[in-house]
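Novice: Quick one: the structure is below, and I'll ask about it shortly.
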Amino acid sequence: MRALASIFAATAYLSLSAIPATAQDGARDGEGTWITLGTGAGPVTSSTRSQPANLLRFGGHDYLVDVGDGTAGQSGKAGVQTKAIDAIFISHLHFDHTAGLTGILGLRFQTSAGDPLTIYGPPETQQLVDGILAGMEPGATANYGVAGAAPVDHRSGIRVVEMRDGDSVDVDGMTVTVRENSHYSFPVGSELAARFESLSYRFDLPGRSIVYTGDTGPSDAVEELASGADLLVVEMMDIPLTIERMIAANPGIPEAVSQAMQSHLSEHHLSPTQVGELATRAGVGSVVVTHFSGWEKNQPGHMRYLQEIAAAYDGPFLIADDMDSF
């Protein structure tokens, strides 16, 4: 029975294939291309996976969806320079999803990007961007160090649109809708709950719909957002293994701290089974797993994730690597 389960899981896994990230099929432009620039679960750095970031290419435009550290370099591997980015969508304000924004804005300035850039994100995104632009002041003022050069306003053309649960906006022929997920669990009615939201995104293109969960735990709102989507790009963590590694890296960690981390990860992230259950209840066409923390493909424990997803979801799915394209 276990062998059969492994075969079934592998079949579902391989039925969704990735193509090289630089490949573009003009005939499929209405469907867009989703590239997983960074697939690691932050904030711990990895030698094999970059921090969370994605590139959506559609209608001749290039959009970043989350901008973890290293996004500029990963985007370059896909053939997209920073000055060519048309918009950025941020799911939430944890640093593993935003650290690359400084690089994107700074390198755009250094390459004399003339087109405006809109940054969409949750509440307080404006404060984040204002802080980054303030930090760019010395470098922008010195610029290339040429005496008598005309000053250049590094803030010019940078616009922020803050979004909240249920908001929707039209961007270059696609409809973008957000829902608040369960990655934050501030008490209802508290000041922090009013100030911050963690968002999941739905991109409705002419040819297909793509839902990006960002970081989330089990969430009815995300399930509703993903209903009938063609592609679900979803986070996943091996929570027991993550806890085990955390304890091994921090000998003597207090039991109360490890229990609090267990509670946090269980409420704010998804297990393989929960990924499959979400995909089934939402009725999505296929699943791409990212923000991955667990045993890698060359390690024996990896097959268990495929089995657990396949036991809950009978559609095609794939645990993505950096620079995969769908």
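We label chains A, B, ... in the order they appear in the structure tokens, count residues from 1 in each chain, and number ligands from 1 in the order shown.
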Would you list the contacts of region 256-266 of chain A as a list in words, taking every protein, DNA or RNA residue within 12 Å and counting only C-alpha atoms, but skipping same-chain residues closer than 5 positions in sequence?

Specialist: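 Residues meeting the cut-off are Ala41, Ser182, His183, Tyr184, Ser185, Phe186, Asp215, Thr216, Gly217, Pro218, Met236, Met237, Asp238, Ile239, Pro240, Leu241, Thr242, Ile243, Glu244, Arg245, Met246, Ile247, Ala248, Asn250, Pro251, Ser271, Pro272, Gln274 and Ser293 of chain A.
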
Novice: Determine, counting only C-alpha atoms, which protein, DNA and RNA residues have an atom within 8 Å of an atom of Ser200 (chain A); residues of the same chain fewer than 2 positions away are not included. Present the result as a list of chain:residue names.

Specialist: A:Ser91, A:Val178, A:Arg179, A:Glu180, A:Asn181, A:Ser198, A:Arg202, A:Val211, A:Tyr212, A:Thr213, A:Gly214, A:Asp215, A:Val222

Novice: Just how far from CA of Glu197 (chain A) is CA of Asp321 (chain A), in Å to one decimal?

Specialist: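 According to the coordinates, CA of Asp321 (chain A) and CA of Glu197 (chain A) are separated by 27.6 Å.
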
Novice: Which polymer residues have any atom within 12 Å of an atom of region 140-153 of chain A, counting only C-alpha atoms, with same-chain residues fewer than 6 positions away left out, as a list of chain:residue names?

Specialist: A:Leu105, A:Gly106, A:Leu107, A:Arg108, A:Phe109, A:Gln110, A:Thr111, A:Ser112, A:Ala113, A:Gly114, A:Ile132, A:Leu133, A:Ala134

Novice: Sorted by chain and rising residue number, list the residues of region 160-221 of chain A at most 10 Å from region 55-79 of chain A (counting only C-alpha atoms), each with its closest atom pair and distance in Å to one decimal, as a Markdown table.

Specialist:
| residue | atom | partner | partner_atom | distance |
| --- | --- | --- | --- | --- |
| A:Asp172 | CA | A:Gly59 | CA | 7.8 |
| A:Gly173 | CA | A:Gly59 | CA | 8.0 |
| A:Met174 | CA | A:Phe58 | CA | 8.8 |
| A:Tyr201 | CA | A:Val65 | CA | 9.1 |
| A:Phe203 | CA | A:Leu56 | CA | 9.5 |
| A:Leu205 | CA | A:Phe58 | CA | 8.2 |
| A:Pro206 | CA | A:Phe58 | CA | 9.9 |
| A:Ile210 | CA | A:Leu56 | CA | 9.8 |
| A:Tyr212 | CA | A:Val65 | CA | 8.5 |
| A:Gly214 | CA | A:Asp66 | CA | 8.2 |

Novice: Please produce a file of the residues just selected, as a PDB file, in the first residue's frame, where the atoms kept are N, CA and C atoms.

Specialist:
ATOM      1  N   ASP A 172      -3.284  46.898 -15.502  1.00  0.00           N
ATOM      2  CA  ASP A 172      -2.839  46.520 -16.846  1.00  0.00           C
ATOM      3  C   ASP A 172      -3.606  45.340 -17.437  1.00  0.00           C
ATOM      4  N   GLY A 173      -4.912  45.336 -17.238  1.00  0.00           N
ATOM      5  CA  GLY A 173      -5.727  44.287 -17.846  1.00  0.00           C
ATOM      6  C   GLY A 173      -5.941  43.060 -16.982  1.00  0.00           C
ATOM      7  N   MET A 174      -5.452  43.059 -15.746  1.00  0.00           N
ATOM      8  CA  MET A 174      -5.747  41.964 -14.820  1.00  0.00           C
ATOM      9  C   MET A 174      -6.374  42.547 -13.561  1.00  0.00           C
ATOM     10  N   TYR A 201      -3.118  37.094  -2.367  1.00  0.00           N
ATOM     11  CA  TYR A 201      -3.474  37.775  -3.616  1.00  0.00           C
ATOM     12  C   TYR A 201      -4.100  36.810  -4.622  1.00  0.00           C
ATOM     13  N   PHE A 203      -4.770  36.918  -8.774  1.00  0.00           N
ATOM     14  CA  PHE A 203      -4.533  37.616 -10.030  1.00  0.00           C
ATOM     15  C   PHE A 203      -5.415  36.976 -11.101  1.00  0.00           C
ATOM     16  N   LEU A 205      -6.223  36.976 -14.692  1.00  0.00           N
ATOM     17  CA  LEU A 205      -5.754  37.355 -16.008  1.00  0.00           C
ATOM     18  C   LEU A 205      -6.804  36.940 -17.038  1.00  0.00           C
ATOM     19  N   PRO A 206      -6.719  37.419 -18.272  1.00  0.00           N
ATOM     20  CA  PRO A 206      -7.700  37.002 -19.273  1.00  0.00           C
ATOM     21  C   PRO A 206      -7.729  35.499 -19.498  1.00  0.00           C
ATOM     22  N   ILE A 210      -4.545  33.062 -10.936  1.00  0.00           N
ATOM     23  CA  ILE A 210      -3.449  32.598 -10.097  1.00  0.00           C
ATOM     24  C   ILE A 210      -3.652  33.165  -8.695  1.00  0.00           C
ATOM     25  N   TYR A 212      -1.905  33.515  -4.914  1.00  0.00           N
ATOM     26  CA  TYR A 212      -0.675  33.445  -4.142  1.00  0.00           C
ATOM     27  C   TYR A 212      -1.034  33.637  -2.680  1.00  0.00           C
ATOM     28  N   GLY A 214       0.952  33.771  -0.040  1.00  0.00           N
ATOM     29  CA  GLY A 214       1.883  34.357   0.902  1.00  0.00           C
ATOM     30  C   GLY A 214       1.968  33.441   2.112  1.00  0.00           C
TER      31      GLY A 214
END

Novice: Restricting the calculation to only C-alpha atoms: of A:Asp115, A:Thr48, A:Arg155, A:Leu199, which residue gets closest to Leu93 (chain A)?

Specialist: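 For Leu93 (chain A), the nearest of the given residues is A:Leu199.
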
Novice: Quick check, in Å to one decimal: how far apart do CA of Val289 (chain A) and CA of Val160 (chain A) lie?

Specialist: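 Rounded to one decimal, the two atoms are 28.5 Å apart.
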
Novice: Looking only at strand (DSSP E or B) from DSSP on the backbone, list the matching residues of region 60-156 of chain A as a ChimeraX atom specification.

Specialist: /A:61-67,87-89,117-121

Novice: Out of A:Gly42, A:Ile35, A:Gly315, A:Tyr305, which residue has the shortest atom-to-atom distance to Asn54 (chain A) when counting only C-alpha atoms?

Specialist: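 Closest candidate: A:Ile35.
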
Novice: When DSSP works through the backbone of this structure, what residues of region 2-187 of chain A end up as helix (DSSP H, G or I), shown as a ChimeraX atom specification?

Specialist: /A:2-14,26-31,71-77,82-84,95-98,101-110,125-135,137-142

Novice: Restricted to C-alpha atoms, what would the selected residues look like written as a PDB file, in the first residue's frame?

Specialist:
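What follows is the written file selection39.pdb:
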ATOM      1  CA  ARG A   2       2.830   2.390   0.823  1.00  0.00           C
ATOM      2  CA  ALA A   3       4.450   1.669  -2.559  1.00  0.00           C
ATOM      3  CA  LEU A   4       1.189   2.432  -4.354  1.00  0.00           C
ATOM      4  CA  ALA A   5       0.818   5.665  -2.406  1.00  0.00           C
ATOM      5  CA  SER A   6       4.342   6.665  -3.409  1.00  0.00           C
ATOM      6  CA  ILE A   7       3.666   5.951  -7.085  1.00  0.00           C
ATOM      7  CA  PHE A   8       0.424   7.944  -6.983  1.00  0.00           C
ATOM      8  CA  ALA A   9       2.093  10.872  -5.270  1.00  0.00           C
ATOM      9  CA  ALA A  10       4.974  10.886  -7.723  1.00  0.00           C
ATOM     10  CA  THR A  11       2.553  10.771 -10.668  1.00  0.00           C
ATOM     11  CA  ALA A  12       0.575  13.764  -9.386  1.00  0.00           C
ATOM     12  CA  TYR A  13       3.824  15.555  -8.634  1.00  0.00           C
ATOM     13  CA  LEU A  14       5.327  15.050 -12.076  1.00  0.00           C
ATOM     14  CA  GLY A  26       3.793  34.668 -26.718  1.00  0.00           C
ATOM     15  CA  ALA A  27       0.798  32.506 -27.577  1.00  0.00           C
ATOM     16  CA  ARG A  28       0.131  32.023 -23.871  1.00  0.00           C
ATOM     17  CA  ASP A  29       0.503  35.670 -22.960  1.00  0.00           C
ATOM     18  CA  GLY A  30      -3.101  35.892 -21.767  1.00  0.00           C
ATOM     19  CA  GLU A  31      -2.240  33.247 -19.188  1.00  0.00           C
ATOM     20  CA  THR A  71      15.233  39.457  -5.521  1.00  0.00           C
ATOM     21  CA  ALA A  72      17.148  41.769  -7.864  1.00  0.00           C
ATOM     22  CA  GLY A  73      19.703  39.093  -8.700  1.00  0.00           C
ATOM     23  CA  GLN A  74      17.066  36.404  -9.159  1.00  0.00           C
ATOM     24  CA  SER A  75      15.048  38.706 -11.411  1.00  0.00           C
ATOM     25  CA  GLY A  76      18.164  39.261 -13.492  1.00  0.00           C
ATOM     26  CA  LYS A  77      18.499  35.501 -13.963  1.00  0.00           C
ATOM     27  CA  THR A  82      15.168  46.204 -12.016  1.00  0.00           C
ATOM     28  CA  LYS A  83      14.320  49.248 -14.140  1.00  0.00           C
ATOM     29  CA  ALA A  84      11.846  47.099 -16.122  1.00  0.00           C
ATOM     30  CA  PHE A  95      11.650  41.153   6.471  1.00  0.00           C
ATOM     31  CA  ASP A  96      12.114  37.862   4.621  1.00  0.00           C
ATOM     32  CA  HIS A  97       9.440  39.126   2.200  1.00  0.00           C
ATOM     33  CA  THR A  98      10.556  42.762   1.962  1.00  0.00           C
ATOM     34  CA  LEU A 101      12.872  46.106  -1.835  1.00  0.00           C
ATOM     35  CA  THR A 102      15.799  48.335  -0.899  1.00  0.00           C
ATOM     36  CA  GLY A 103      17.893  46.739  -3.623  1.00  0.00           C
ATOM     37  CA  ILE A 104      15.139  47.053  -6.217  1.00  0.00           C
ATOM     38  CA  LEU A 105      14.549  50.750  -5.515  1.00  0.00           C
ATOM     39  CA  GLY A 106      18.221  51.586  -5.220  1.00  0.00           C
ATOM     40  CA  LEU A 107      19.251  49.800  -8.408  1.00  0.00           C
ATOM     41  CA  ARG A 108      16.333  51.335 -10.304  1.00  0.00           C
ATOM     42  CA  PHE A 109      17.651  54.734  -9.297  1.00  0.00           C
ATOM     43  CA  GLN A 110      21.216  53.887 -10.326  1.00  0.00           C
ATOM     44  CA  THR A 125       3.534  49.696   3.374  1.00  0.00           C
ATOM     45  CA  GLN A 126       3.803  53.461   2.886  1.00  0.00           C
ATOM     46  CA  GLN A 127       5.828  53.758   6.080  1.00  0.00           C
ATOM     47  CA  LEU A 128       8.121  50.956   4.924  1.00  0.00           C
ATOM     48  CA  VAL A 129       8.735  52.619   1.561  1.00  0.00           C
ATOM     49  CA  ASP A 130       9.208  56.052   3.112  1.00  0.00           C
ATOM     50  CA  GLY A 131      11.882  54.602   5.378  1.00  0.00           C
ATOM     51  CA  ILE A 132      13.705  52.959   2.473  1.00  0.00           C
ATOM     52  CA  LEU A 133      13.610  56.178   0.434  1.00  0.00           C
ATOM     53  CA  ALA A 134      14.922  58.129   3.429  1.00  0.00           C
ATOM     54  CA  GLY A 135      17.770  55.656   3.748  1.00  0.00           C
ATOM     55  CA  GLU A 137      19.184  59.891   0.592  1.00  0.00           C
ATOM     56  CA  PRO A 138      22.991  59.842   1.034  1.00  0.00           C
ATOM     57  CA  GLY A 139      23.645  57.565  -1.933  1.00  0.00           C
ATOM     58  CA  ALA A 140      21.183  59.422  -4.132  1.00  0.00           C
ATOM     59  CA  THR A 141      22.680  62.798  -3.221  1.00  0.00           C
ATOM     60  CA  ALA A 142      26.235  61.667  -3.930  1.00  0.00           C
TER      61      ALA A 142
END

Novice: Can you measure CA of Ala194 (chain A) to CA of Pro123 (chain A) for me? One decimal in Å is fine.

Specialist: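 Taking CA of Ala194 (chain A) as the start and CA of Pro123 (chain A) as the end point, the length is 8.9 Å.
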